[in-house]
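Note sheet for the following structure.
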Amino acid sequence: MVHPRVAGVRTAWRVLDDGDFFCAACGGDRCYRRLGGRRRLTVLGVPVLPRGRAEPVVECVSCRGHFPLTALDRPTTTRLSALLRDGVHTIALALLAAGGGAGAAGSAARRAAVESIRAAGFPDCTEERLLTLQAALGAKSLPLLDREVRATLSELTPHLASPGRESLLLHGARIALADGPYHATERAMLGAVGEALRLSPSDTERLLATALSA
């Protein structure tokens with residue numbers, strides 16, 4: 001015969017906040033509730049003595065699984081897609097500026113940039129828009145874009161595996177090569193991209209050489 005437990009410790013949870021997160025158990029974006037709790041000693045189901053605070057947890061509203069707060073550090077798939085779009089766009093603009101893509105000689109590079117940006121999730125991108133952005137940046141575009149590349153990729157890079165980071169560098173390399181071999185300024189910008197993607201200098205050089213020989 002199974003007897004109910006006479007005494008035990010139970011946690012009384014309360015909702016601290018909520019939002020969206022990537023649930024590892026469900027394998028997709030879900031709503032969550034961040035819970036804080038207090039443990040209590042119970043006798044016959046009745047709480048009698050406090051036993052201190054419980055560690056806060058993240059509860060998936062769908063599967064009811066509990067996860068540590070670090071689960072919120074992982075971006076949702078929606079957020080990750082947005083970070084990727086921004087990364088592709090920023091790299092493309094940086095390589096166009098580095099290659100002097102505002103003139104007629106840069107038309108091939110602009111077309112390559114537009115195609116990649118559209119494929120990344122900006123279907124309304126046009127050469128005219130890229131030229132307008134470059135003009136708005138003015139003469140100081142390269143230093144500004146170097147900082148923008150590093151800032152944009154610093155948020156994305158921790159969530160990408162090595163093949164994903166390499167793919168982004170190759171994306172920039174293909175734009176640079178669309179109108180001929182790398183210029184010195186393009187090489188320098190691609191080096192900055194590689195650093196921001198946490199690729200070693202040797203890996204960056206290897207990938208750039210692979211793109212050049214393709």
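Going through the structure tokens in order, the chains are called A, B, and so on, while each chain numbers its residues from 1 and the ligands are numbered from 1 in the order shown.
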Neighbour list for A:Phe21 as number ranges by chain, cut-off 10 Å, only C-alpha atoms, skip fewer than 3 positions in-chain: A: 18, 24, 28-33, 58, 60, 71-79
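Separating atom CA of A:Leu84 from atom CA of A:Glu148 is a distance of 14.1 Å.
In this model, the gap between atom CA of A:Ala136 and atom CA of A:Gly87 comes to 19.2 Å.
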Name the closest residue to A:Arg174 among the candidates A:Glu128, A:Asp203, A:Glu186, A:Asp17; distances are taken between atoms, counting only C-alpha atoms.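 Nearest to A:Arg174: A:Glu186.
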What is the atom CA of A:Leu160 to atom CA of A:Asp146 distance in Å? 20.3 Å
Please return as a ChimeraX atom specification: the residues of stretch 6-158 of chain A that backbone DSSP assigns to strand (DSSP E). /A:7-23,28-43,46-60,66-67
Output file for the residues above (C-alpha atoms, as an mmCIF file, in the first residue's frame):
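Dumped to again17.cif:
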data_model
loop_
_atom_site.group_PDB
_atom_site.id
_atom_site.type_symbol
_atom_site.label_atom_id
_atom_site.label_comp_id
_atom_site.auth_asym_id
_atom_site.auth_seq_id
_atom_site.Cartn_x
_atom_site.Cartn_y
_atom_site.Cartn_z
ATOM 1 C CA ALA A 7 5.981 15.898 5.484
ATOM 2 C CA GLY A 8 7.996 17.451 2.689
ATOM 3 C CA VAL A 9 9.273 20.657 1.169
ATOM 4 C CA ARG A 10 7.281 22.457 -1.469
ATOM 5 C CA THR A 11 8.005 25.591 -3.436
ATOM 6 C CA ALA A 12 5.427 28.328 -3.825
ATOM 7 C CA TRP A 13 6.145 30.104 -7.124
ATOM 8 C CA ARG A 14 5.141 33.590 -8.195
ATOM 9 C CA VAL A 15 5.471 35.187 -11.615
ATOM 10 C CA LEU A 16 8.123 37.911 -11.809
ATOM 11 C CA ASP A 17 7.855 38.678 -15.533
ATOM 12 C CA ASP A 18 7.229 37.034 -18.885
ATOM 13 C CA GLY A 19 8.200 37.190 -22.526
ATOM 14 C CA ASP A 20 9.437 35.064 -25.406
ATOM 15 C CA PHE A 21 12.429 32.718 -25.385
ATOM 16 C CA PHE A 22 13.856 29.724 -27.210
ATOM 17 C CA CYS A 23 12.725 26.594 -25.382
ATOM 18 C CA GLY A 28 11.394 26.581 -30.872
ATOM 19 C CA ASP A 29 10.247 29.993 -29.729
ATOM 20 C CA ARG A 30 7.796 29.900 -26.853
ATOM 21 C CA CYS A 31 6.357 32.170 -24.194
ATOM 22 C CA TYR A 32 7.994 31.984 -20.794
ATOM 23 C CA ARG A 33 7.331 33.045 -17.247
ATOM 24 C CA ARG A 34 10.191 33.926 -14.923
ATOM 25 C CA LEU A 35 9.338 32.540 -11.519
ATOM 26 C CA GLY A 36 10.603 33.363 -8.085
ATOM 27 C CA GLY A 37 9.763 31.062 -5.198
ATOM 28 C CA ARG A 38 9.932 30.324 -1.526
ATOM 29 C CA ARG A 39 10.377 26.848 -0.085
ATOM 30 C CA ARG A 40 8.213 25.767 2.802
ATOM 31 C CA LEU A 41 8.103 22.695 4.978
ATOM 32 C CA THR A 42 4.682 21.102 4.705
ATOM 33 C CA VAL A 43 2.957 18.597 6.949
ATOM 34 C CA VAL A 46 -0.129 22.292 4.930
ATOM 35 C CA PRO A 47 2.812 24.765 4.899
ATOM 36 C CA VAL A 48 4.159 25.203 8.417
ATOM 37 C CA LEU A 49 7.746 26.536 8.262
ATOM 38 C CA PRO A 50 9.627 28.683 5.731
ATOM 39 C CA ARG A 51 12.763 27.058 4.268
ATOM 40 C CA GLY A 52 14.237 29.998 2.362
ATOM 41 C CA ARG A 53 14.129 31.262 -1.183
ATOM 42 C CA ALA A 54 14.240 29.016 -4.225
ATOM 43 C CA GLU A 55 16.493 29.875 -7.159
ATOM 44 C CA PRO A 56 14.516 31.752 -9.851
ATOM 45 C CA VAL A 57 13.641 29.676 -12.896
ATOM 46 C CA VAL A 58 12.289 30.159 -16.385
ATOM 47 C CA GLU A 59 9.122 28.181 -17.050
ATOM 48 C CA CYS A 60 8.016 27.392 -20.590
ATOM 49 C CA HIS A 66 11.820 24.687 -15.801
ATOM 50 C CA PHE A 67 15.162 26.085 -16.965
#
